[in-house]
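Notes for the one structure printed next.
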Amino acid sequence: MSGSLGALVTAVGRWVGGAGSGGGVGGCVSVVVADRFDRVAWGDTYAQSAGLRELAGELAGRHEHAADLLADAFLAAYKMVPKVREPAEMDPSRLVNHQVISSLVESPEFAGLHRETAGDPYAAAMAVLAQAPALRALLERSREAREQAARAGQARRAAEDAADAVSEALQRAAAEAATDGTVPDPAADAVRQAAGAAQAAEATARRAARGAAQALAAAAPGLRAGAHDAAARAAGAVRAEAALLRAWGVAPGELERMPFDERARLAERLRTGRLARWAELIGRFRQMAAGERARKVENTTGELVGVTLGDDLSRVIPSELAGLGLPALRAVFAARYAAGELMLYDSQGEQATGRGAVIACVDTSHSMYVEGPGSVTREAWTKACALALLDQARSAGRDFVGILFSAPGRLQVFRFPAAEPAGIARTLDFAESFLGGGTSYQTPLSAAAELLAAEFDDTARARGDIVLLTDDECGVTEEWTRGWNDAKHRLGFRVFGVAVGAPDAAGTGSVLEALCDNLRSVEDFTDVQAAADLFRVI
């Protein structure tokens with residue numbers, strides 16, 4: 001049946017408008033609003049992270065839109081202020097993604113996670129990987145909702161295609177219309193059929209959307225609980241890695257400059273093997289050493305113990321200085337100063353005098369594997385102490401040298417010049433290396449003396465400090481001892497000894513006692529305070 005073009009347009013508007021009166025449906029596929037820079041950050045991180053790519057491949061078998069879900073989880077963690085779209089803006093097939101991400105962002109645990117990951121693509125990627133078990137569970141729990149959402153998405157696309165068909169039919173009818181607006185019967189029938197199909201498709205899409213909404217509402221409590229668990233897991237993992245890196249002295253600025261794959265390898269290296277077990281002890285050693293540095297007071301010789309008499313103006317007590325404010329007492333002050341009878345703060349203790357390099361000689365003989373209290377090995381305690389000494393040297397602008405030694409002639413030297421960054425890779429090489437074998441004092445101490453002599457010849461810096469950390473006692477020859485004493489006298493260095501788990505080695509009359517200016521024995525390997533005084537005088 002023919003008809004006018006205007007009548008057809010009016011009828012189509014009534015049919016299609018009535019079908020779509022339930023409101024428009026959004027078509028966004030990403031839950032988190034992102035600009036092109038955010039998308040570039042995700043793309044670069046995804047390309048560099050084998051873990052993310054493997055996870056995306058695995059989840060793709062469970063969820064057609066897993067890649068979008070991972071991108072949204074990353075952006076929620078990465079963006080400084082993540083903004084989640086409204087459900088009405090989303091494509092129906094992405095409503096499950098929306099429920100997961102919105103539950104994640106709204107969870108109390110997310111705030112703690114976001115503080116660690118905002119602006120850091122590596123940390124955000126790690127957060128996504130840490131959420132992998134929870135994401136698998138969420139996708140399994142939301143199977144029916146996802147299937148309903150997928151059907152709703154297909155129905156919505158079918159309705160859109162039907163609406164496009166109506167538009168095309170109208171365009172053809174307009175092209176075939178006579179000058180008086182009459183449309184041929186075939187073209188008019190095509191418009192009516194297309195409009196009817198569009199109306200039916202829209203009704204199907206609305207039924208599918210209602211079914212998806214009901215399924216999603218049923219799954220929502222479980223999804224919210226799972227999202228809370230995912231955020232908590234991710235926050236714990238990110239915080240643990242951050243603490244691990246801090247324990248090893250890795251500065252945030254160094255991490256920001258580190259390429260993604262290098263940072264991932266570093267984190268893996270620190271999480272596995274001996275290094276992971278040492279992190280807590282190393283962190284406590286470094287914290288203790290930093291505290292001892294903070295306790296130091298410039299131009300004093302130690303702890304304040306009372307008041308004495310003298311002429312050191314830097315230690316005059318306030319009541320003496322008050323006399324300078326009265327003209328009549330200034331002559332009295334001058335007379336007492338000349339006689340050395342001013343009242344001064346009195347102190348006692350050792351004064352830090354080292355200026356040359358700090359050299360830690362660390363025993364790596366087989367016996368250093370022995371465990372003490374808390375399952376801490378002798379090696380762990382000595383390496384932690386040596387790394388704290390590295391920090392101590394760098395804070396004072398002094399070179400540091402780590403010498404690992406064992407049997408005669410066996411040693412490995414690690415140099416850390418004050419003018420160059422220490423570098424986490426070299427620090428870890430120093431911590432991980434182990435020689436094995438017996439014990440010889442002469443080999444490392446001779447090497448240390450040669451290093452200090454070279455430093456003195458090159459820079460005229462003397463008064464270095466050598467710290468010998470060992471768990472064994474061994475002899476030295478008379479000839480070597482004479483040369484050692486001569487070098488010590490010429491270069492003015494000090495020797496500190498720490499007998500770890502070997503009280504006899506630090507006993508009266510021992511070789512260590514003869515070699516060292518300051519000697520102590522450590523039995524409790526969980527106690528970092530046993531070495532605290534070292535960090536007050538070095």
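Every chain in the structure tokens takes a letter, A first, then B, and so on in the order presented; its residues are numbered from 1, and the ligands are numbered from 1 following the presented order.
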
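For stretch 492-501 of chain A, the non-local neighbours within 7 Å, defined as residues at least 5 positions apart in the same chain or in other chains and counting only C-alpha atoms, are Arg378, Ala462, Arg463, Gly464, Asp465, Ile466, Val467, Leu468, Leu469, Thr470, Asp471, Ala506, Leu512, Cys516, Asp517, Asn518, Leu519, Arg520, Ser521, Val522 and Glu523 of chain A.
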
Restricting the output to N, CA and C atoms, write the selected residues as a compact mmCIF listing (two decimals), in the first residue's frame.
```txt
# COMPACT_ATOMS: atom_id res chain seq x y z
N ARG A 378 74.50 -16.44 60.77
CA ARG A 378 75.61 -15.53 61.00
C ARG A 378 75.85 -14.66 59.77
N ALA A 462 93.39 10.20 55.62
CA ALA A 462 93.81 9.13 56.52
C ALA A 462 92.67 8.83 57.48
N ARG A 463 92.98 8.13 58.55
CA ARG A 463 92.02 7.82 59.61
C ARG A 463 90.77 7.12 59.08
N GLY A 464 90.98 6.07 58.30
CA GLY A 464 89.87 5.24 57.87
C GLY A 464 89.43 4.30 58.97
N ASP A 465 88.38 3.55 58.71
CA ASP A 465 87.86 2.60 59.69
C ASP A 465 87.70 1.24 59.03
N ILE A 466 88.22 0.20 59.67
CA ILE A 466 88.06 -1.17 59.21
C ILE A 466 87.22 -1.92 60.23
N VAL A 467 86.17 -2.59 59.75
CA VAL A 467 85.32 -3.41 60.62
C VAL A 467 85.46 -4.85 60.17
N LEU A 468 85.94 -5.71 61.04
CA LEU A 468 86.14 -7.12 60.75
C LEU A 468 85.02 -7.92 61.40
N LEU A 469 84.19 -8.56 60.56
CA LEU A 469 83.06 -9.34 61.06
C LEU A 469 83.34 -10.82 60.76
N THR A 470 83.47 -11.62 61.80
CA THR A 470 83.87 -13.01 61.61
C THR A 470 83.26 -13.89 62.69
N ASP A 471 83.27 -15.21 62.43
CA ASP A 471 82.77 -16.16 63.42
C ASP A 471 83.86 -17.17 63.79
N ALA A 506 86.67 -13.66 70.67
CA ALA A 506 86.79 -12.31 71.22
C ALA A 506 87.32 -12.32 72.65
N LEU A 512 92.02 -11.67 67.67
CA LEU A 512 91.14 -10.53 67.40
C LEU A 512 91.37 -9.40 68.38
N CYS A 516 92.38 -5.60 67.12
CA CYS A 516 91.30 -4.61 67.11
C CYS A 516 91.44 -3.57 68.21
N ASP A 517 91.06 -2.34 67.89
CA ASP A 517 90.99 -1.27 68.88
C ASP A 517 89.69 -1.37 69.68
N ASN A 518 88.69 -1.97 69.09
CA ASN A 518 87.37 -2.05 69.70
C ASN A 518 86.80 -3.40 69.30
N LEU A 519 86.44 -4.22 70.28
CA LEU A 519 86.02 -5.59 69.99
C LEU A 519 84.78 -5.92 70.81
N ARG A 520 83.83 -6.61 70.14
CA ARG A 520 82.65 -7.07 70.86
C ARG A 520 82.22 -8.42 70.30
N SER A 521 81.44 -9.14 71.10
CA SER A 521 80.94 -10.45 70.71
C SER A 521 79.42 -10.39 70.63
N VAL A 522 78.86 -11.02 69.61
CA VAL A 522 77.41 -11.02 69.40
C VAL A 522 76.92 -12.46 69.43
N GLU A 523 75.96 -12.74 70.30
CA GLU A 523 75.40 -14.08 70.41
C GLU A 523 73.95 -14.14 69.90
```

Could you give me, as CSV, every stretch 419-489 of chain A residue with an atom at most 10 Å from stretch 366-375 of chain A, plus its closest atom pair and distance in Å to one decimal, counting only C-alpha atoms, rows ordered by chain then number?
```
residue,atom,partner,partner_atom,distance
A:Phe434,CA,A:His366,CA,8.9
A:Leu435,CA,A:His366,CA,8.2
A:Gly436,CA,A:His366,CA,4.8
A:Gly437,CA,A:His366,CA,5.6
A:Gly438,CA,A:His366,CA,6.9
A:Thr439,CA,A:His366,CA,9.0
A:Thr470,CA,A:Met368,CA,8.1
A:Asp471,CA,A:Met368,CA,6.8
A:Asp472,CA,A:Ser367,CA,8.3
```

Since we have the selection now, will you write its residues out, keeping N, CA, C and O atoms, as a short mmCIF file (atom, residue, chain, number, x, y, z; two decimals), in the first residue's frame?
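Output file out16.cif follows:
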```
data_model
loop_
_atom_site.label_atom_id
_atom_site.label_comp_id
_atom_site.auth_asym_id
_atom_site.auth_seq_id
_atom_site.Cartn_x
_atom_site.Cartn_y
_atom_site.Cartn_z
N PHE A 434 78.94 -15.24 48.14
CA PHE A 434 79.43 -16.07 49.24
C PHE A 434 80.55 -16.95 48.69
O PHE A 434 80.39 -17.61 47.66
N LEU A 435 81.68 -16.97 49.40
CA LEU A 435 82.85 -17.67 48.89
C LEU A 435 82.96 -19.09 49.41
O LEU A 435 83.33 -20.01 48.67
N GLY A 436 82.68 -19.32 50.69
CA GLY A 436 82.85 -20.64 51.28
C GLY A 436 84.32 -20.93 51.56
O GLY A 436 85.22 -20.22 51.12
N GLY A 437 84.57 -22.00 52.31
CA GLY A 437 85.94 -22.36 52.63
C GLY A 437 86.28 -22.02 54.07
O GLY A 437 85.42 -21.90 54.93
N GLY A 438 87.59 -21.86 54.35
CA GLY A 438 88.06 -21.57 55.70
C GLY A 438 88.11 -20.09 55.99
O GLY A 438 87.42 -19.28 55.35
N THR A 439 88.96 -19.70 56.97
CA THR A 439 89.03 -18.31 57.42
C THR A 439 90.47 -17.85 57.49
O THR A 439 91.33 -18.56 58.03
N THR A 470 83.47 -11.62 61.80
CA THR A 470 83.87 -13.01 61.61
C THR A 470 83.26 -13.89 62.69
O THR A 470 82.81 -13.41 63.73
N ASP A 471 83.27 -15.21 62.43
CA ASP A 471 82.77 -16.16 63.42
C ASP A 471 83.86 -17.17 63.79
O ASP A 471 83.56 -18.24 64.34
N ASP A 472 85.10 -16.85 63.48
CA ASP A 472 86.17 -17.83 63.70
C ASP A 472 87.45 -17.10 64.12
O ASP A 472 87.58 -15.89 63.95
#
```

Surrounding residues of A:Thr481 excluding itself and chain neighbours under 5 positions, 10 Å, only C-alpha atoms, as number ranges by chain: A: 442, 476, 486-487, 514-515

Would you list the contacts of stretch 319-323 of chain A as a PDB file with N, CA and C atoms, in the first residue's frame, taking every protein, DNA or RNA residue within 12 Å and counting only C-alpha atoms, but skipping same-chain residues closer than 4 positions in sequence?
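Wrote result_32.pdb, looks like this:
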```pdb
ATOM      1  N   VAL A 307      78.346  18.777  85.021  1.00  0.00           N
ATOM      2  CA  VAL A 307      78.948  20.100  84.814  1.00  0.00           C
ATOM      3  C   VAL A 307      80.385  20.049  85.305  1.00  0.00           C
ATOM      4  N   LEU A 309      84.494  22.433  84.988  1.00  0.00           N
ATOM      5  CA  LEU A 309      85.094  23.744  84.769  1.00  0.00           C
ATOM      6  C   LEU A 309      86.046  23.687  83.583  1.00  0.00           C
ATOM      7  N   GLY A 310      86.164  24.824  82.855  1.00  0.00           N
ATOM      8  CA  GLY A 310      87.073  24.867  81.719  1.00  0.00           C
ATOM      9  C   GLY A 310      86.905  26.145  80.933  1.00  0.00           C
ATOM     10  N   ASP A 311      87.466  26.157  79.719  1.00  0.00           N
ATOM     11  CA  ASP A 311      87.405  27.365  78.893  1.00  0.00           C
ATOM     12  C   ASP A 311      86.849  27.097  77.494  1.00  0.00           C
ATOM     13  N   LEU A 313      84.241  27.483  75.087  1.00  0.00           N
ATOM     14  CA  LEU A 313      83.054  28.337  74.966  1.00  0.00           C
ATOM     15  C   LEU A 313      81.870  27.626  74.322  1.00  0.00           C
ATOM     16  N   SER A 314      82.149  26.548  73.551  1.00  0.00           N
ATOM     17  CA  SER A 314      81.041  25.840  72.903  1.00  0.00           C
ATOM     18  C   SER A 314      80.211  25.052  73.901  1.00  0.00           C
ATOM     19  N   ARG A 315      80.726  24.847  75.157  1.00  0.00           N
ATOM     20  CA  ARG A 315      79.995  24.044  76.144  1.00  0.00           C
ATOM     21  C   ARG A 315      79.626  24.843  77.393  1.00  0.00           C
ATOM     22  N   PRO A 327      77.070  44.603  82.056  1.00  0.00           N
ATOM     23  CA  PRO A 327      78.410  45.201  81.914  1.00  0.00           C
ATOM     24  C   PRO A 327      79.299  44.974  83.130  1.00  0.00           C
ATOM     25  N   ALA A 328      78.714  44.989  84.324  1.00  0.00           N
ATOM     26  CA  ALA A 328      79.526  44.856  85.536  1.00  0.00           C
ATOM     27  C   ALA A 328      80.143  43.466  85.669  1.00  0.00           C
ATOM     28  N   LEU A 329      79.550  42.461  85.021  1.00  0.00           N
ATOM     29  CA  LEU A 329      80.025  41.082  85.159  1.00  0.00           C
ATOM     30  C   LEU A 329      80.905  40.622  84.007  1.00  0.00           C
ATOM     31  N   ARG A 330      81.067  41.455  82.969  1.00  0.00           N
ATOM     32  CA  ARG A 330      81.857  41.026  81.827  1.00  0.00           C
ATOM     33  C   ARG A 330      83.327  40.805  82.202  1.00  0.00           C
ATOM     34  N   ALA A 331      83.854  41.661  83.089  1.00  0.00           N
ATOM     35  CA  ALA A 331      85.249  41.497  83.503  1.00  0.00           C
ATOM     36  C   ALA A 331      85.423  40.213  84.301  1.00  0.00           C
ATOM     37  N   VAL A 332      84.411  39.880  85.121  1.00  0.00           N
ATOM     38  CA  VAL A 332      84.455  38.640  85.894  1.00  0.00           C
ATOM     39  C   VAL A 332      84.465  37.442  84.949  1.00  0.00           C
ATOM     40  N   PHE A 333      83.609  37.487  83.897  1.00  0.00           N
ATOM     41  CA  PHE A 333      83.549  36.405  82.915  1.00  0.00           C
ATOM     42  C   PHE A 333      84.904  36.231  82.237  1.00  0.00           C
ATOM     43  N   ALA A 334      85.519  37.364  81.823  1.00  0.00           N
ATOM     44  CA  ALA A 334      86.805  37.300  81.137  1.00  0.00           C
ATOM     45  C   ALA A 334      87.881  36.701  82.045  1.00  0.00           C
ATOM     46  N   ARG A 336      87.439  34.578  84.587  1.00  0.00           N
ATOM     47  CA  ARG A 336      87.184  33.153  84.773  1.00  0.00           C
ATOM     48  C   ARG A 336      87.523  32.370  83.510  1.00  0.00           C
ATOM     49  N   TYR A 337      87.277  32.996  82.355  1.00  0.00           N
ATOM     50  CA  TYR A 337      87.641  32.342  81.082  1.00  0.00           C
ATOM     51  C   TYR A 337      89.155  32.164  81.002  1.00  0.00           C
ATOM     52  N   GLU A 341      87.981  28.590  84.419  1.00  0.00           N
ATOM     53  CA  GLU A 341      87.069  28.260  85.512  1.00  0.00           C
ATOM     54  C   GLU A 341      85.602  28.513  85.160  1.00  0.00           C
ATOM     55  N   LEU A 342      85.293  28.579  83.861  1.00  0.00           N
ATOM     56  CA  LEU A 342      83.887  28.708  83.461  1.00  0.00           C
ATOM     57  C   LEU A 342      83.180  27.375  83.685  1.00  0.00           C
ATOM     58  N   MET A 343      81.900  27.436  84.007  1.00  0.00           N
ATOM     59  CA  MET A 343      81.115  26.211  84.192  1.00  0.00           C
ATOM     60  C   MET A 343      80.672  25.702  82.816  1.00  0.00           C
ATOM     61  N   LEU A 344      81.030  24.431  82.523  1.00  0.00           N
ATOM     62  CA  LEU A 344      80.766  23.827  81.216  1.00  0.00           C
ATOM     63  C   LEU A 344      79.957  22.547  81.384  1.00  0.00           C
ATOM     64  N   TYR A 345      79.211  22.197  80.334  1.00  0.00           N
ATOM     65  CA  TYR A 345      78.588  20.886  80.292  1.00  0.00           C
ATOM     66  C   TYR A 345      79.687  19.840  80.168  1.00  0.00           C
TER      67      TYR A 345
END
```

Per-residue nearest contacts stretch 80-162 of chain A to stretch 47-57 of chain A, cut-off 8 Å, using only C-alpha atoms, as JSON lines:
```
{"residue": "A:Ala125", "atom": "CA", "partner": "A:Leu52", "partner_atom": "CA", "distance": 7.4}
{"residue": "A:Val128", "atom": "CA", "partner": "A:Leu52", "partner_atom": "CA", "distance": 8.0}
{"residue": "A:Leu129", "atom": "CA", "partner": "A:Leu52", "partner_atom": "CA", "distance": 6.8}
{"residue": "A:Ala132", "atom": "CA", "partner": "A:Leu55", "partner_atom": "CA", "distance": 7.4}
```

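Distances here use only C-alpha atoms; by that measure, the residue among A:Arg394, A:Cys474, A:Thr382, A:Ala34 closest to A:Ala530 is A:Thr382.
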
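Closest approach to A:Thr477 among A:Gly43, A:Tyr441, A:Thr459, A:Phe405 is made by A:Tyr441 (distances from only C-alpha atoms).
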
Close residues, stretch 240-254 of chain A itself excluded, 12 Å, only C-alpha atoms, min 6 positions apart in chain, as a short mmCIF file (atom, residue, chain, number, x, y, z; two decimals) with N, CA and C atoms, in the first residue's frame:
```cif
data_model
loop_
_atom_site.label_atom_id
_atom_site.label_comp_id
_atom_site.auth_asym_id
_atom_site.auth_seq_id
_atom_site.Cartn_x
_atom_site.Cartn_y
_atom_site.Cartn_z
N LEU A 113 45.31 1.11 49.18
CA LEU A 113 45.96 0.64 47.95
C LEU A 113 46.31 1.81 47.05
N ARG A 115 46.95 4.88 47.69
CA ARG A 115 48.07 5.71 48.15
C ARG A 115 49.40 5.15 47.66
N GLU A 116 49.49 3.85 47.49
CA GLU A 116 50.74 3.22 47.05
C GLU A 116 50.89 3.20 45.53
N THR A 117 49.78 3.29 44.80
CA THR A 117 49.83 3.03 43.35
C THR A 117 49.59 4.27 42.48
N ASP A 120 51.99 5.63 39.66
CA ASP A 120 53.10 4.68 39.49
C ASP A 120 52.59 3.50 38.67
N TYR A 122 54.05 0.87 37.47
CA TYR A 122 54.51 -0.45 37.92
C TYR A 122 53.69 -0.92 39.12
N ALA A 123 53.52 -0.05 40.11
CA ALA A 123 52.76 -0.42 41.30
C ALA A 123 51.30 -0.73 40.93
N MET A 126 51.25 -4.13 39.41
CA MET A 126 51.41 -5.13 40.46
C MET A 126 50.11 -5.33 41.23
N ALA A 127 49.39 -4.22 41.45
CA ALA A 127 48.09 -4.33 42.14
C ALA A 127 47.13 -5.19 41.34
N ALA A 130 48.17 -8.78 41.70
CA ALA A 130 47.85 -9.28 43.03
C ALA A 130 46.37 -9.60 43.18
N ARG A 233 43.94 -7.69 49.21
CA ARG A 233 45.08 -8.48 48.76
C ARG A 233 46.09 -7.60 48.03
N ALA A 234 45.57 -6.77 47.13
CA ALA A 234 46.47 -5.92 46.35
C ALA A 234 47.20 -4.93 47.24
N GLU A 262 63.27 -3.95 34.39
CA GLU A 262 64.35 -3.98 35.38
C GLU A 262 63.78 -3.95 36.80
N ARG A 263 62.75 -3.13 37.00
CA ARG A 263 62.12 -3.06 38.32
C ARG A 263 61.45 -4.38 38.67
N ALA A 264 60.84 -5.02 37.68
CA ALA A 264 60.19 -6.31 37.93
C ALA A 264 61.23 -7.37 38.30
N LEU A 266 64.13 -6.80 39.68
CA LEU A 266 64.62 -6.46 41.01
C LEU A 266 63.67 -6.96 42.08
N ALA A 267 62.38 -6.70 41.90
CA ALA A 267 61.40 -7.14 42.89
C ALA A 267 61.40 -8.65 43.03
N GLU A 268 61.51 -9.35 41.92
CA GLU A 268 61.55 -10.81 41.96
C GLU A 268 62.80 -11.29 42.68
N ARG A 269 63.91 -10.63 42.43
CA ARG A 269 65.16 -11.00 43.09
C ARG A 269 65.08 -10.81 44.59
N LEU A 270 64.44 -9.73 45.01
CA LEU A 270 64.32 -9.45 46.44
C LEU A 270 63.30 -10.35 47.14
N ARG A 271 62.31 -10.82 46.38
CA ARG A 271 61.26 -11.65 46.99
C ARG A 271 61.69 -13.10 47.18
N THR A 272 62.75 -13.53 46.51
CA THR A 272 63.11 -14.94 46.53
C THR A 272 64.46 -15.15 47.21
N LEU A 275 67.73 -13.27 50.15
CA LEU A 275 67.48 -11.84 50.27
C LEU A 275 66.12 -11.55 50.90
N ALA A 276 65.12 -12.36 50.54
CA ALA A 276 63.78 -12.15 51.10
C ALA A 276 63.79 -12.38 52.61
N ARG A 277 64.55 -13.38 53.05
CA ARG A 277 64.58 -13.70 54.49
C ARG A 277 65.35 -12.65 55.29
N TRP A 278 66.23 -11.93 54.62
CA TRP A 278 67.05 -10.95 55.33
C TRP A 278 66.42 -9.57 55.42
N ALA A 279 65.38 -9.33 54.64
CA ALA A 279 64.86 -7.96 54.49
C ALA A 279 64.51 -7.33 55.83
N GLU A 280 63.80 -8.09 56.69
CA GLU A 280 63.36 -7.52 57.96
C GLU A 280 64.56 -7.15 58.84
N LEU A 281 65.56 -8.03 58.89
CA LEU A 281 66.75 -7.76 59.70
C LEU A 281 67.53 -6.56 59.15
N ILE A 282 67.66 -6.51 57.84
CA ILE A 282 68.37 -5.39 57.21
C ILE A 282 67.64 -4.08 57.49
N GLY A 283 66.32 -4.12 57.40
CA GLY A 283 65.55 -2.91 57.69
C GLY A 283 65.75 -2.44 59.12
N ARG A 284 65.79 -3.38 60.08
CA ARG A 284 65.99 -2.99 61.47
C ARG A 284 67.40 -2.45 61.69
N PHE A 285 68.39 -3.04 61.03
CA PHE A 285 69.76 -2.54 61.14
C PHE A 285 69.85 -1.11 60.62
N ARG A 286 69.24 -0.86 59.48
CA ARG A 286 69.32 0.47 58.88
C ARG A 286 68.57 1.49 59.73
N GLN A 287 67.45 1.07 60.29
CA GLN A 287 66.69 1.97 61.16
C GLN A 287 67.49 2.30 62.41
N MET A 288 68.14 1.28 62.99
CA MET A 288 68.96 1.51 64.17
C MET A 288 70.11 2.46 63.85
N ALA A 290 70.33 4.68 61.49
CA ALA A 290 69.82 6.03 61.26
C ALA A 290 69.51 6.72 62.58
N LYS A 383 76.02 -9.46 57.05
CA LYS A 383 75.71 -8.72 55.82
C LYS A 383 74.80 -7.53 56.14
N ALA A 384 73.84 -7.72 57.04
CA ALA A 384 72.97 -6.61 57.43
C ALA A 384 73.77 -5.50 58.08
N LEU A 387 75.74 -3.64 55.38
CA LEU A 387 74.91 -2.74 54.57
C LEU A 387 74.56 -1.48 55.36
N ALA A 388 74.36 -1.62 56.66
CA ALA A 388 74.13 -0.43 57.49
C ALA A 388 75.38 0.44 57.54
N LEU A 390 77.46 0.68 55.08
CA LEU A 390 77.44 1.36 53.78
C LEU A 390 76.61 2.63 53.87
N ASP A 391 75.44 2.54 54.47
CA ASP A 391 74.61 3.74 54.67
C ASP A 391 75.35 4.78 55.51
N ARG A 394 77.97 6.57 53.46
CA ARG A 394 77.41 7.49 52.47
C ARG A 394 76.83 8.73 53.13
N PRO A 421 76.56 7.00 42.83
CA PRO A 421 75.43 6.29 43.44
C PRO A 421 75.83 4.85 43.77
N ALA A 422 75.32 4.36 44.88
CA ALA A 422 75.68 2.99 45.28
C ALA A 422 75.14 1.97 44.29
N GLY A 423 73.93 2.18 43.80
CA GLY A 423 73.35 1.25 42.83
C GLY A 423 72.84 -0.01 43.51
N ILE A 424 71.53 -0.26 43.39
CA ILE A 424 70.94 -1.41 44.07
C ILE A 424 71.48 -2.72 43.53
N ALA A 425 71.79 -2.80 42.24
CA ALA A 425 72.28 -4.06 41.67
C ALA A 425 73.61 -4.46 42.30
N ARG A 426 74.53 -3.50 42.43
CA ARG A 426 75.82 -3.81 43.03
C ARG A 426 75.67 -4.11 44.53
N THR A 427 74.78 -3.41 45.18
CA THR A 427 74.52 -3.68 46.60
C THR A 427 74.03 -5.12 46.79
N LEU A 428 73.14 -5.56 45.91
CA LEU A 428 72.63 -6.92 46.02
C LEU A 428 73.71 -7.95 45.68
N ALA A 431 75.62 -8.37 48.76
CA ALA A 431 74.88 -9.11 49.79
C ALA A 431 74.77 -10.59 49.45
#
```

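Closest approach to A:Val33 from the set A:Gly112, A:Pro82, A:Gly119, A:Gly402 is made by A:Pro82, with distances taken over only C-alpha atoms.
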
Members of stretch 54-271 of chain A assigned alpha helix (DSSP H) by DSSP, as a ChimeraX atom specification: /A:54-60,66-78,95-106,108-117,121-130,132-141,143-176,185-247,252-257,260-271

DSSP strand (DSSP E or B) residues within stretch 281-427 of chain A, listed as a count of residues only: 36
